[in-house]
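Asker: One file is attached below, run-v5.cif, containing mmCIF, C-alpha atoms and all ligand atoms.
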```
data_data
loop_
_atom_site.group_PDB
_atom_site.id
_atom_site.type_symbol
_atom_site.label_atom_id
_atom_site.label_comp_id
_atom_site.auth_asym_id
_atom_site.auth_seq_id
_atom_site.Cartn_x
_atom_site.Cartn_y
_atom_site.Cartn_z
ATOM 1 C CA MET W 123 19.882 204.431 3.376
ATOM 2 C CA PRO W 124 16.635 205.276 1.531
ATOM 3 C CA ARG W 125 13.636 205.793 3.821
ATOM 4 C CA GLN W 126 11.328 202.725 4.035
ATOM 5 C CA HIS W 127 7.738 203.583 3.142
ATOM 6 C CA ALA W 128 4.715 201.691 4.405
ATOM 7 C CA VAL W 129 2.842 199.963 1.574
ATOM 8 C CA TYR W 130 -0.692 198.640 1.042
ATOM 9 C CA ASP W 131 -1.529 194.978 1.501
ATOM 10 C CA HIS W 132 -1.855 192.557 -1.448
ATOM 11 C CA ALA W 133 -5.667 192.521 -1.449
ATOM 12 C CA THR W 134 -5.893 196.336 -1.651
ATOM 13 C CA VAL W 135 -3.301 196.495 -4.442
ATOM 14 C CA THR W 136 -4.840 193.627 -6.454
ATOM 15 C CA LEU W 137 -8.398 194.951 -6.147
ATOM 16 C CA HIS W 138 -7.288 198.517 -7.026
ATOM 17 C CA TRP W 139 -5.567 197.464 -10.264
ATOM 18 C CA LEU W 140 -8.265 194.944 -11.205
ATOM 19 C CA MET W 141 -10.838 197.714 -10.754
ATOM 20 C CA ALA W 142 -8.777 200.250 -12.751
ATOM 21 C CA THR W 143 -8.290 197.739 -15.624
ATOM 22 C CA LEU W 144 -11.983 196.821 -15.718
ATOM 23 C CA VAL W 145 -13.006 200.506 -15.683
ATOM 24 C CA LEU W 146 -10.728 201.233 -18.655
ATOM 25 C CA VAL W 147 -11.921 198.194 -20.666
ATOM 26 C CA LEU W 148 -15.612 198.927 -19.910
ATOM 27 C CA TRP W 149 -15.206 202.591 -20.859
ATOM 28 C CA LEU W 150 -13.399 201.754 -24.127
ATOM 29 C CA ILE W 151 -16.154 199.278 -25.097
ATOM 30 C CA GLY W 152 -18.991 201.644 -24.120
ATOM 31 C CA THR W 153 -17.427 204.635 -25.891
ATOM 32 C CA PHE W 154 -16.043 203.192 -29.141
ATOM 33 C CA LEU W 155 -17.806 199.881 -29.861
ATOM 34 C CA GLU W 156 -20.692 201.284 -31.915
ATOM 35 C CA ASP W 157 -18.274 203.408 -34.041
ATOM 36 C CA ILE W 158 -15.780 200.620 -34.704
ATOM 37 C CA VAL W 159 -17.728 197.355 -34.997
ATOM 38 C CA PRO W 160 -20.655 197.123 -37.451
ATOM 39 C CA LYS W 161 -24.054 195.891 -36.232
ATOM 40 C CA GLY W 162 -24.058 192.086 -35.976
ATOM 41 C CA VAL W 163 -22.996 189.091 -33.902
ATOM 42 C CA LEU W 164 -19.568 190.490 -33.022
ATOM 43 C CA ARG W 165 -20.984 193.783 -31.750
ATOM 44 C CA SER W 166 -23.685 192.147 -29.622
ATOM 45 C CA GLY W 167 -21.098 189.658 -28.303
ATOM 46 C CA ILE W 168 -18.831 192.505 -27.188
ATOM 47 C CA TRP W 169 -21.820 194.273 -25.563
ATOM 48 C CA SER W 170 -22.490 191.020 -23.671
ATOM 49 C CA ALA W 171 -18.837 191.082 -22.531
ATOM 50 C CA HIS W 172 -19.472 194.646 -21.257
ATOM 51 C CA PHE W 173 -22.411 193.403 -19.170
ATOM 52 C CA VAL W 174 -20.596 190.323 -17.779
ATOM 53 C CA LEU W 175 -17.451 192.359 -16.985
ATOM 54 C CA GLY W 176 -19.773 195.021 -15.573
ATOM 55 C CA PHE W 177 -21.139 192.553 -13.013
ATOM 56 C CA LEU W 178 -17.573 191.418 -12.241
ATOM 57 C CA PHE W 179 -16.547 195.074 -11.810
ATOM 58 C CA THR W 180 -19.507 195.609 -9.424
ATOM 59 C CA GLY W 181 -18.280 192.679 -7.294
ATOM 60 C CA VAL W 182 -14.722 194.077 -7.296
ATOM 61 C CA ILE W 183 -15.789 197.559 -6.198
ATOM 62 C CA VAL W 184 -17.984 196.163 -3.386
ATOM 63 C CA ALA W 185 -15.085 193.891 -2.304
ATOM 64 C CA LEU W 186 -12.610 196.817 -2.358
ATOM 65 C CA LEU W 187 -14.922 199.045 -0.300
ATOM 66 C CA ALA W 188 -15.632 196.243 2.194
ATOM 67 C CA TRP W 189 -11.913 195.394 2.488
ATOM 68 C CA ARG W 190 -10.837 199.049 2.919
ATOM 69 C CA HIS W 191 -13.385 199.456 5.728
ATOM 70 C CA THR W 192 -12.455 196.262 7.574
ATOM 71 C CA ARG W 193 -9.046 194.536 7.388
ATOM 72 C CA GLY W 194 -7.392 196.630 4.641
ATOM 73 C CA ARG W 195 -4.172 198.330 5.781
ATOM 74 C CA GLN W 196 -4.638 201.988 6.795
ATOM 75 C CA LEU W 197 -1.479 203.957 6.064
ATOM 76 C CA PRO W 198 -0.214 207.107 7.778
ATOM 77 C CA VAL W 199 -0.913 210.342 5.884
ATOM 78 C CA GLU W 200 2.061 210.891 3.570
ATOM 79 C CA ASP W 201 1.224 214.476 2.676
ATOM 80 C CA PRO W 202 -0.919 216.330 5.248
ATOM 81 C CA GLY W 203 -2.671 219.664 4.693
ATOM 82 C CA PRO W 204 -4.976 220.794 1.891
ATOM 83 C CA LEU W 205 -3.588 218.185 -0.519
ATOM 84 C CA HIS W 206 -4.627 215.399 1.825
ATOM 85 C CA VAL W 207 -8.177 216.810 1.892
ATOM 86 C CA LEU W 208 -8.124 216.971 -1.931
ATOM 87 C CA ALA W 209 -6.906 213.354 -2.157
ATOM 88 C CA LYS W 210 -9.619 212.168 0.243
ATOM 89 C CA ALA W 211 -12.299 214.109 -1.683
ATOM 90 C CA THR W 212 -11.043 212.627 -4.973
ATOM 91 C CA HIS W 213 -11.186 209.073 -3.577
ATOM 92 C CA ALA W 214 -14.728 209.688 -2.250
ATOM 93 C CA ALA W 215 -15.804 211.088 -5.652
ATOM 94 C CA LEU W 216 -14.280 208.040 -7.393
ATOM 95 C CA TYR W 217 -16.132 205.607 -5.108
ATOM 96 C CA LEU W 218 -19.431 207.514 -5.541
ATOM 97 C CA LEU W 219 -19.108 207.576 -9.342
ATOM 98 C CA LEU W 220 -18.131 203.889 -9.460
ATOM 99 C CA LEU W 221 -21.208 202.903 -7.425
ATOM 100 C CA LEU W 222 -23.484 205.213 -9.423
ATOM 101 C CA ILE W 223 -22.235 203.789 -12.743
ATOM 102 C CA ALA W 224 -22.687 200.211 -11.493
ATOM 103 C CA GLY W 225 -26.229 200.965 -10.262
ATOM 104 C CA LEU W 226 -27.286 202.693 -13.491
ATOM 105 C CA GLY W 227 -25.612 199.969 -15.603
ATOM 106 C CA ILE W 228 -27.337 197.120 -13.767
ATOM 107 C CA ALA W 229 -30.731 198.907 -13.893
ATOM 108 C CA ASN W 230 -30.210 199.472 -17.637
ATOM 109 C CA ALA W 231 -29.247 195.824 -18.189
ATOM 110 C CA PHE W 232 -32.492 194.651 -16.517
ATOM 111 C CA VAL W 233 -34.669 197.219 -18.311
ATOM 112 C CA ARG W 234 -33.244 195.874 -21.596
ATOM 113 C CA GLY W 235 -33.279 192.201 -20.473
ATOM 114 C CA VAL W 236 -29.807 191.831 -22.040
ATOM 115 C CA THR W 237 -28.066 188.604 -23.107
ATOM 116 C CA LEU W 238 -25.073 187.680 -20.915
ATOM 117 C CA VAL W 239 -23.500 184.410 -22.112
ATOM 118 C CA GLY W 240 -24.997 182.027 -24.724
ATOM 119 C CA PRO W 241 -28.651 181.440 -23.826
ATOM 120 C CA LEU W 242 -28.245 183.136 -20.427
ATOM 121 C CA ALA W 243 -30.168 186.438 -20.411
ATOM 122 C CA LEU W 244 -31.485 188.750 -17.698
ATOM 123 C CA PRO W 245 -35.275 188.949 -17.279
ATOM 124 C CA GLN W 246 -36.726 192.180 -18.703
ATOM 125 C CA LEU W 247 -37.921 194.268 -15.744
ATOM 126 C CA GLY W 248 -39.395 197.779 -15.492
ATOM 127 C CA ASP W 249 -40.429 200.272 -18.155
ATOM 128 C CA PRO W 250 -38.473 199.909 -21.468
ATOM 129 C CA ASP W 251 -38.704 203.719 -21.904
ATOM 130 C CA TRP W 252 -36.078 204.053 -19.148
ATOM 131 C CA ARG W 253 -33.411 202.705 -21.542
ATOM 132 C CA ARG W 254 -32.573 206.101 -23.023
ATOM 133 C CA PRO W 255 -32.237 208.139 -19.798
ATOM 134 C CA LEU W 256 -30.423 205.273 -18.034
ATOM 135 C CA THR W 257 -27.935 204.947 -20.913
ATOM 136 C CA HIS W 258 -27.483 208.733 -21.014
ATOM 137 C CA TRP W 259 -26.722 209.094 -17.269
ATOM 138 C CA HIS W 260 -24.603 205.908 -17.198
ATOM 139 C CA GLY W 261 -22.507 207.196 -20.134
ATOM 140 C CA LEU W 262 -22.205 210.709 -18.667
ATOM 141 C CA ALA W 263 -21.149 209.374 -15.240
ATOM 142 C CA ALA W 264 -18.604 207.112 -17.005
ATOM 143 C CA ASN W 265 -17.059 210.133 -18.779
ATOM 144 C CA ILE W 266 -16.908 212.154 -15.545
ATOM 145 C CA LEU W 267 -15.292 209.135 -13.842
ATOM 146 C CA MET W 268 -12.595 208.987 -16.526
ATOM 147 C CA ALA W 269 -11.831 212.706 -16.045
ATOM 148 C CA VAL W 270 -11.574 212.323 -12.238
ATOM 149 C CA ALA W 271 -9.506 209.100 -12.606
ATOM 150 C CA LEU W 272 -7.129 210.924 -14.974
ATOM 151 C CA PHE W 273 -6.668 213.691 -12.407
ATOM 152 C CA HIS W 274 -6.134 211.013 -9.704
ATOM 153 C CA ALA W 275 -3.524 209.164 -11.809
ATOM 154 C CA ALA W 276 -1.774 212.441 -12.751
ATOM 155 C CA ALA W 277 -1.561 213.343 -9.024
ATOM 156 C CA ALA W 278 0.029 209.940 -8.297
ATOM 157 C CA LEU W 279 2.597 210.492 -11.091
ATOM 158 C CA ILE W 280 3.357 214.040 -9.862
ATOM 159 C CA HIS W 281 3.972 212.647 -6.343
ATOM 160 C CA HIS W 282 6.373 210.110 -7.803
ATOM 161 C CA TYR W 283 8.295 212.019 -10.476
ATOM 162 C CA LEU W 284 8.220 215.608 -9.164
ATOM 163 C CA TRP W 285 7.969 215.283 -5.404
ATOM 164 C CA HIS W 286 9.847 211.968 -5.127
ATOM 165 C CA ASP W 287 7.707 210.705 -2.238
ATOM 166 C CA GLY W 288 6.328 207.206 -1.595
ATOM 167 C CA VAL W 289 2.639 207.734 -2.525
ATOM 168 C CA LEU W 290 2.684 205.853 -5.856
ATOM 169 C CA ARG W 291 4.937 203.091 -4.506
ATOM 170 C CA ARG W 292 2.323 202.359 -1.801
ATOM 171 C CA ILE W 293 0.003 200.894 -4.440
ATOM 172 C CA LEU W 294 2.530 199.244 -6.801
ATOM 173 C CA PRO W 295 2.216 195.414 -7.011
ATOM 174 C CA ALA W 296 5.919 194.613 -6.546
ATOM 175 C CA ARG W 297 5.981 196.220 -3.118
ATOM 176 C CA ALA W 298 2.653 195.078 -1.671
ATOM 177 C CA SER W 299 2.761 193.465 1.765
ATOM 178 C CA SER W 300 1.215 190.046 2.438
ATOM 179 C CA ASP W 301 0.522 191.058 6.045
ATOM 180 C CA PRO W 302 -2.474 193.449 6.250
ATOM 181 C CA ALA W 303 -1.658 194.384 9.847
ATOM 182 C CA GLY W 304 2.127 194.711 9.411
ATOM 183 C CA ARG W 305 4.258 197.779 8.858
ATOM 184 C CA HIS W 306 6.047 197.017 5.553
HETATM 185 C C1 LIG S 401 -16.949 201.623 -14.580
HETATM 186 C C2 LIG S 401 -17.678 200.744 -15.218
HETATM 187 C C3 LIG S 401 -18.424 201.051 -16.502
HETATM 188 C C4 LIG S 401 -18.113 201.958 -17.487
HETATM 189 C C5 LIG S 401 -16.923 202.909 -17.557
HETATM 190 C C6 LIG S 401 -19.171 201.860 -18.488
HETATM 191 C C7 LIG S 401 -19.262 202.622 -19.639
HETATM 192 C C8 LIG S 401 -20.300 202.616 -20.538
HETATM 193 C C9 LIG S 401 -20.456 203.525 -21.644
HETATM 194 C C10 LIG S 401 -19.487 204.676 -21.983
HETATM 195 C C11 LIG S 401 -21.593 203.179 -22.307
HETATM 196 C C12 LIG S 401 -22.183 203.869 -23.569
HETATM 197 C C13 LIG S 401 -23.204 204.892 -23.094
HETATM 198 C C14 LIG S 401 -23.760 205.741 -24.229
HETATM 199 O O1 LIG S 401 -23.958 205.205 -25.337
HETATM 200 O O2 LIG S 401 -24.010 206.937 -23.977
HETATM 201 C C15 LIG S 401 -22.177 202.039 -21.625
HETATM 202 C C16 LIG S 401 -23.358 201.408 -21.993
HETATM 203 C C17 LIG S 401 -23.967 200.424 -21.250
HETATM 204 N N1 LIG S 401 -23.465 199.823 -20.087
HETATM 205 FE FE1 LIG S 401 -21.770 200.333 -19.120
HETATM 206 N N2 LIG S 401 -20.076 200.892 -18.101
HETATM 207 C C18 LIG S 401 -19.660 200.389 -16.883
HETATM 208 C C19 LIG S 401 -20.279 199.418 -16.119
HETATM 209 C C20 LIG S 401 -21.461 198.801 -16.458
HETATM 210 C C21 LIG S 401 -22.169 197.835 -15.622
HETATM 211 C C22 LIG S 401 -21.770 197.425 -14.199
HETATM 212 C C23 LIG S 401 -23.259 197.430 -16.318
HETATM 213 C C24 LIG S 401 -24.285 196.417 -15.871
HETATM 214 C C25 LIG S 401 -24.152 195.176 -16.106
HETATM 215 C C26 LIG S 401 -23.293 198.176 -17.572
HETATM 216 C C27 LIG S 401 -24.281 198.099 -18.531
HETATM 217 C C28 LIG S 401 -24.405 198.912 -19.641
HETATM 218 C C29 LIG S 401 -25.541 198.898 -20.552
HETATM 219 C C30 LIG S 401 -26.801 198.026 -20.423
HETATM 220 C C31 LIG S 401 -25.254 199.840 -21.565
HETATM 221 C C32 LIG S 401 -26.116 200.176 -22.796
HETATM 222 C C33 LIG S 401 -25.751 199.214 -23.892
HETATM 223 C C34 LIG S 401 -26.420 199.515 -25.230
HETATM 224 O O3 LIG S 401 -26.492 200.706 -25.626
HETATM 225 O O4 LIG S 401 -26.835 198.536 -25.874
HETATM 226 N N3 LIG S 401 -22.170 198.984 -17.633
HETATM 227 N N4 LIG S 401 -21.374 201.725 -20.543
HETATM 228 C C1 LIG S 402 -9.965 204.078 -13.412
HETATM 229 C C2 LIG S 402 -8.831 204.113 -12.763
HETATM 230 C C3 LIG S 402 -8.696 204.250 -11.262
HETATM 231 C C4 LIG S 402 -9.622 204.285 -10.251
HETATM 232 C C5 LIG S 402 -11.148 204.200 -10.386
HETATM 233 C C6 LIG S 402 -8.902 204.447 -8.997
HETATM 234 C C7 LIG S 402 -9.491 204.519 -7.742
HETATM 235 C C8 LIG S 402 -8.824 204.648 -6.539
HETATM 236 C C9 LIG S 402 -9.450 204.733 -5.234
HETATM 237 C C10 LIG S 402 -10.969 204.738 -4.994
HETATM 238 C C11 LIG S 402 -8.449 204.806 -4.297
HETATM 239 C C12 LIG S 402 -8.622 204.949 -2.779
HETATM 240 C C13 LIG S 402 -8.425 203.615 -2.108
HETATM 241 C C14 LIG S 402 -8.760 203.713 -0.623
HETATM 242 O O1 LIG S 402 -7.921 204.183 0.147
HETATM 243 O O2 LIG S 402 -9.898 203.315 -0.254
HETATM 244 C C15 LIG S 402 -7.190 204.771 -5.005
HETATM 245 C C16 LIG S 402 -5.930 204.824 -4.429
HETATM 246 C C17 LIG S 402 -4.764 205.042 -5.131
HETATM 247 N N1 LIG S 402 -4.613 205.052 -6.509
HETATM 248 FE FE1 LIG S 402 -6.075 204.766 -7.868
HETATM 249 N N2 LIG S 402 -7.555 204.505 -9.264
HETATM 250 C C18 LIG S 402 -7.383 204.393 -10.627
HETATM 251 C C19 LIG S 402 -6.193 204.411 -11.312
HETATM 252 C C20 LIG S 402 -4.960 204.730 -10.760
HETATM 253 C C21 LIG S 402 -3.735 204.935 -11.497
HETATM 254 C C22 LIG S 402 -3.611 204.821 -13.038
HETATM 255 C C23 LIG S 402 -2.768 205.241 -10.580
HETATM 256 C C24 LIG S 402 -1.296 205.544 -10.780
HETATM 257 C C25 LIG S 402 -0.796 206.136 -11.832
HETATM 258 C C26 LIG S 402 -3.384 205.202 -9.266
HETATM 259 C C27 LIG S 402 -2.734 205.442 -8.070
HETATM 260 C C28 LIG S 402 -3.289 205.353 -6.804
HETATM 261 C C29 LIG S 402 -2.542 205.531 -5.564
HETATM 262 C C30 LIG S 402 -1.055 205.881 -5.433
HETATM 263 C C31 LIG S 402 -3.457 205.331 -4.509
HETATM 264 C C32 LIG S 402 -3.159 205.416 -2.983
HETATM 265 C C33 LIG S 402 -3.276 206.846 -2.553
HETATM 266 C C34 LIG S 402 -3.003 207.012 -1.071
HETATM 267 O O3 LIG S 402 -2.346 206.172 -0.462
HETATM 268 O O4 LIG S 402 -3.487 208.018 -0.500
HETATM 269 N N3 LIG S 402 -4.725 204.900 -9.410
HETATM 270 N N4 LIG S 402 -7.443 204.680 -6.370
#
```
Starting from the coordinates I provided, produce the structure as structure tokens.
Ligand code: HEM
Ligand code: HEM

Answerer:
Amino acid sequence: MPRQHAVYDHATVTLHWLMATLVLVLWLIGTFLEDIVPKGVLRSGIWSAHFVLGFLFTGVIVALLAWRHTRGRQLPVEDPGPLHVLAKATHAALYLLLLLIAGLGIANAFVRGVTLVGPLALPQLGDPDWRRPLTHWHGLAANILMAVALFHAAAALIHHYLWHDGVLRRILPARASSDPAGRH
């Protein structure tokens, strides 16, 4: 009989994949929008989507962190030793980058007083000269995040396809457990 692996609870799995999807969409918009869509209503509308999704993403990351530190299922270490330390360090780096990007993005959105939806706009706060450095550091942190996330995803795929262990399956939607405190 195949060994049963413990899996994460539904909330952890849902928030993880919602966060990953939002990160990818936000990065694609931020990186390629200005090259692909000419200046005009469509471009500014898609920027507004970046800001609205950005606030949603900030809520998701705060919810994930809060859940992981309270009722979220803690699983036994699947792969102890130096690789466990590396995995923990990668997760900490991901959380730090995610929070940094959200903070810089929100500060930038207020400094610009951006439009969100229809007539709804943020009030312009702070010195408008901060736009350039805030955009620069926000964009740089976003690129570093994508590199670290790629490494993180590659590690998960290596666990699954080369080492045939249960690490990737822990976070796959089909196997999530509805009981945060349970074993399977
Ligand atoms: C993981 C989430 C996010 C990623 C990957 C991301 C990515 C990016 C990238 C790559 C750029 C272009 C930077 C450049 O031109 O150098 C950008 C611009 C920007 N982002 Fe984000 N972003 C994220 C979240 C947010 C959040 C939470 C907000 C706040 C609501 C935000 C607000 C902005 C603003 C105001 C700009 C400048 C827009 C402009 O140039 O008109 N972003 N973002
Ligand atoms: C932008 C994309 C992504 C981000 C920001 C991200 C972030 C994270 C974070 C912060 C954790 C730690 C959760 C915790 O224990 O508190 C985690 C766990 C995990 N992620 Fe991702 N992730 C992303 C994409 C992916 C992808 C594409 C895969 C699979 C190919 C993946 C597989 C996993 C697995 C298997 C775990 C659990 C690891 C363990 O149990 O030790 N992630 N992710």

Asker: Determine the residue set returned by the PyMOL selection byres (((chain W and resi 250) around 10) and not hetatm) for the present structure, and present it as a PDB file with C-alpha atoms, keeping the file's coordinate frame.

Answerer:
```
ATOM      1  CA  ASN W 230     -30.210 199.472 -17.637  1.00  0.00           C
ATOM      2  CA  PHE W 232     -32.492 194.651 -16.517  1.00  0.00           C
ATOM      3  CA  VAL W 233     -34.669 197.219 -18.311  1.00  0.00           C
ATOM      4  CA  ARG W 234     -33.244 195.874 -21.596  1.00  0.00           C
ATOM      5  CA  GLY W 235     -33.279 192.201 -20.473  1.00  0.00           C
ATOM      6  CA  GLN W 246     -36.726 192.180 -18.703  1.00  0.00           C
ATOM      7  CA  LEU W 247     -37.921 194.268 -15.744  1.00  0.00           C
ATOM      8  CA  GLY W 248     -39.395 197.779 -15.492  1.00  0.00           C
ATOM      9  CA  ASP W 249     -40.429 200.272 -18.155  1.00  0.00           C
ATOM     10  CA  ASP W 251     -38.704 203.719 -21.904  1.00  0.00           C
ATOM     11  CA  TRP W 252     -36.078 204.053 -19.148  1.00  0.00           C
ATOM     12  CA  ARG W 253     -33.411 202.705 -21.542  1.00  0.00           C
ATOM     13  CA  ARG W 254     -32.573 206.101 -23.023  1.00  0.00           C
TER      14      ARG W 254
END
```

Asker: Need to verify the contact set: segment 177-192 of chain W, 7 Å, all atoms listed in the file, exclusion of same-chain residues closer than 5 positions in sequence. Can you return it as JSON, numbers by chain?

Answerer: {"W": [134, 137, 141, 144, 224]}

Asker: Pick from W:His260, W:His274, W:His132, W:Arg165: nearest to ligand LIG 402 (chain S), with only C-alpha atoms and all ligand atoms counted?

Answerer: W:His274

Asker: How would you write, as a PyMOL selection string, the residues chosen by the PyMOL selection byres (((not hetatm)) within 6 of (chain S and resi 401)) on this structure?

Answerer: chain W and resi 145+148-149+152-153+173+176-177+180+220+223-224+227-228+230-231+257-258+261+264

Asker: Can you work out which one of W:Leu290, W:Ala263, W:Val159, W:Leu244 has the shortest atom-to-atom distance to ligand LIG 402 (chain S), counting all atoms listed in the file?

Answerer: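 Counting all atoms listed in the file, the residue closest to ligand LIG 402 (chain S) is W:Leu290.
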
Asker: When distances are computed from only C-alpha atoms and all ligand atoms, which of W:Ile293, W:Val129, W:Val135, W:Val174 shows the smallest separation from ligand LIG 402 (chain S)?

Answerer: W:Ile293

Asker: Centre and edge lengths, as JSON, for the axis-aligned box enclosing every listed atom of ligand LIG 402 (chain S) with 4 Å of padding on each of the six sides, in Å to one decimal?

Answerer:
```
{"center_x": -6.0, "center_y": 205.7, "center_z": -6.6, "size_x": 18.4, "size_y": 12.7, "size_z": 21.6}
```

Asker: Using atom C27 of ligand LIG 402 (chain S) and atom CA of Ala275 of chain W as the two end points, give the distance in Å to one decimal.

Answerer: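 According to the coordinates, atom C27 of ligand LIG 402 (chain S) and atom CA of Ala275 of chain W are separated by 5.3 Å.
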
Asker: For ligand LIG 402 (chain S), return the neighbouring residues as a PDB file with C-alpha atoms, in the frame of the given file (distance at most 9 Å; all atoms listed in the file).

Answerer:
```
ATOM      1  CA  VAL W 129       2.842 199.963   1.574  1.00  0.00           C
ATOM      2  CA  TYR W 130      -0.692 198.640   1.042  1.00  0.00           C
ATOM      3  CA  THR W 134      -5.893 196.336  -1.651  1.00  0.00           C
ATOM      4  CA  VAL W 135      -3.301 196.495  -4.442  1.00  0.00           C
ATOM      5  CA  HIS W 138      -7.288 198.517  -7.026  1.00  0.00           C
ATOM      6  CA  TRP W 139      -5.567 197.464 -10.264  1.00  0.00           C
ATOM      7  CA  MET W 141     -10.838 197.714 -10.754  1.00  0.00           C
ATOM      8  CA  ALA W 142      -8.777 200.250 -12.751  1.00  0.00           C
ATOM      9  CA  THR W 143      -8.290 197.739 -15.624  1.00  0.00           C
ATOM     10  CA  LEU W 144     -11.983 196.821 -15.718  1.00  0.00           C
ATOM     11  CA  VAL W 145     -13.006 200.506 -15.683  1.00  0.00           C
ATOM     12  CA  LEU W 146     -10.728 201.233 -18.655  1.00  0.00           C
ATOM     13  CA  ILE W 183     -15.789 197.559  -6.198  1.00  0.00           C
ATOM     14  CA  LEU W 186     -12.610 196.817  -2.358  1.00  0.00           C
ATOM     15  CA  LEU W 187     -14.922 199.045  -0.300  1.00  0.00           C
ATOM     16  CA  TRP W 189     -11.913 195.394   2.488  1.00  0.00           C
ATOM     17  CA  ARG W 190     -10.837 199.049   2.919  1.00  0.00           C
ATOM     18  CA  HIS W 191     -13.385 199.456   5.728  1.00  0.00           C
ATOM     19  CA  GLY W 194      -7.392 196.630   4.641  1.00  0.00           C
ATOM     20  CA  ARG W 195      -4.172 198.330   5.781  1.00  0.00           C
ATOM     21  CA  GLN W 196      -4.638 201.988   6.795  1.00  0.00           C
ATOM     22  CA  LEU W 197      -1.479 203.957   6.064  1.00  0.00           C
ATOM     23  CA  PRO W 198      -0.214 207.107   7.778  1.00  0.00           C
ATOM     24  CA  VAL W 199      -0.913 210.342   5.884  1.00  0.00           C
ATOM     25  CA  GLU W 200       2.061 210.891   3.570  1.00  0.00           C
ATOM     26  CA  ASP W 201       1.224 214.476   2.676  1.00  0.00           C
ATOM     27  CA  HIS W 206      -4.627 215.399   1.825  1.00  0.00           C
ATOM     28  CA  ALA W 209      -6.906 213.354  -2.157  1.00  0.00           C
ATOM     29  CA  LYS W 210      -9.619 212.168   0.243  1.00  0.00           C
ATOM     30  CA  THR W 212     -11.043 212.627  -4.973  1.00  0.00           C
ATOM     31  CA  HIS W 213     -11.186 209.073  -3.577  1.00  0.00           C
ATOM     32  CA  ALA W 214     -14.728 209.688  -2.250  1.00  0.00           C
ATOM     33  CA  ALA W 215     -15.804 211.088  -5.652  1.00  0.00           C
ATOM     34  CA  LEU W 216     -14.280 208.040  -7.393  1.00  0.00           C
ATOM     35  CA  TYR W 217     -16.132 205.607  -5.108  1.00  0.00           C
ATOM     36  CA  LEU W 218     -19.431 207.514  -5.541  1.00  0.00           C
ATOM     37  CA  LEU W 219     -19.108 207.576  -9.342  1.00  0.00           C
ATOM     38  CA  LEU W 220     -18.131 203.889  -9.460  1.00  0.00           C
ATOM     39  CA  LEU W 267     -15.292 209.135 -13.842  1.00  0.00           C
ATOM     40  CA  MET W 268     -12.595 208.987 -16.526  1.00  0.00           C
ATOM     41  CA  VAL W 270     -11.574 212.323 -12.238  1.00  0.00           C
ATOM     42  CA  ALA W 271      -9.506 209.100 -12.606  1.00  0.00           C
ATOM     43  CA  LEU W 272      -7.129 210.924 -14.974  1.00  0.00           C
ATOM     44  CA  HIS W 274      -6.134 211.013  -9.704  1.00  0.00           C
ATOM     45  CA  ALA W 275      -3.524 209.164 -11.809  1.00  0.00           C
ATOM     46  CA  ALA W 276      -1.774 212.441 -12.751  1.00  0.00           C
ATOM     47  CA  ALA W 277      -1.561 213.343  -9.024  1.00  0.00           C
ATOM     48  CA  ALA W 278       0.029 209.940  -8.297  1.00  0.00           C
ATOM     49  CA  LEU W 279       2.597 210.492 -11.091  1.00  0.00           C
ATOM     50  CA  HIS W 281       3.972 212.647  -6.343  1.00  0.00           C
ATOM     51  CA  HIS W 282       6.373 210.110  -7.803  1.00  0.00           C
ATOM     52  CA  GLY W 288       6.328 207.206  -1.595  1.00  0.00           C
ATOM     53  CA  VAL W 289       2.639 207.734  -2.525  1.00  0.00           C
ATOM     54  CA  LEU W 290       2.684 205.853  -5.856  1.00  0.00           C
ATOM     55  CA  ARG W 291       4.937 203.091  -4.506  1.00  0.00           C
ATOM     56  CA  ARG W 292       2.323 202.359  -1.801  1.00  0.00           C
ATOM     57  CA  ILE W 293       0.003 200.894  -4.440  1.00  0.00           C
ATOM     58  CA  LEU W 294       2.530 199.244  -6.801  1.00  0.00           C
TER      59      LEU W 294
END
```

Asker: When you draw a straight line from atom CA of Trp259 of chain W to atom CA of Leu242 of chain W, how long is it in Å?

Answerer: 26.2 Å
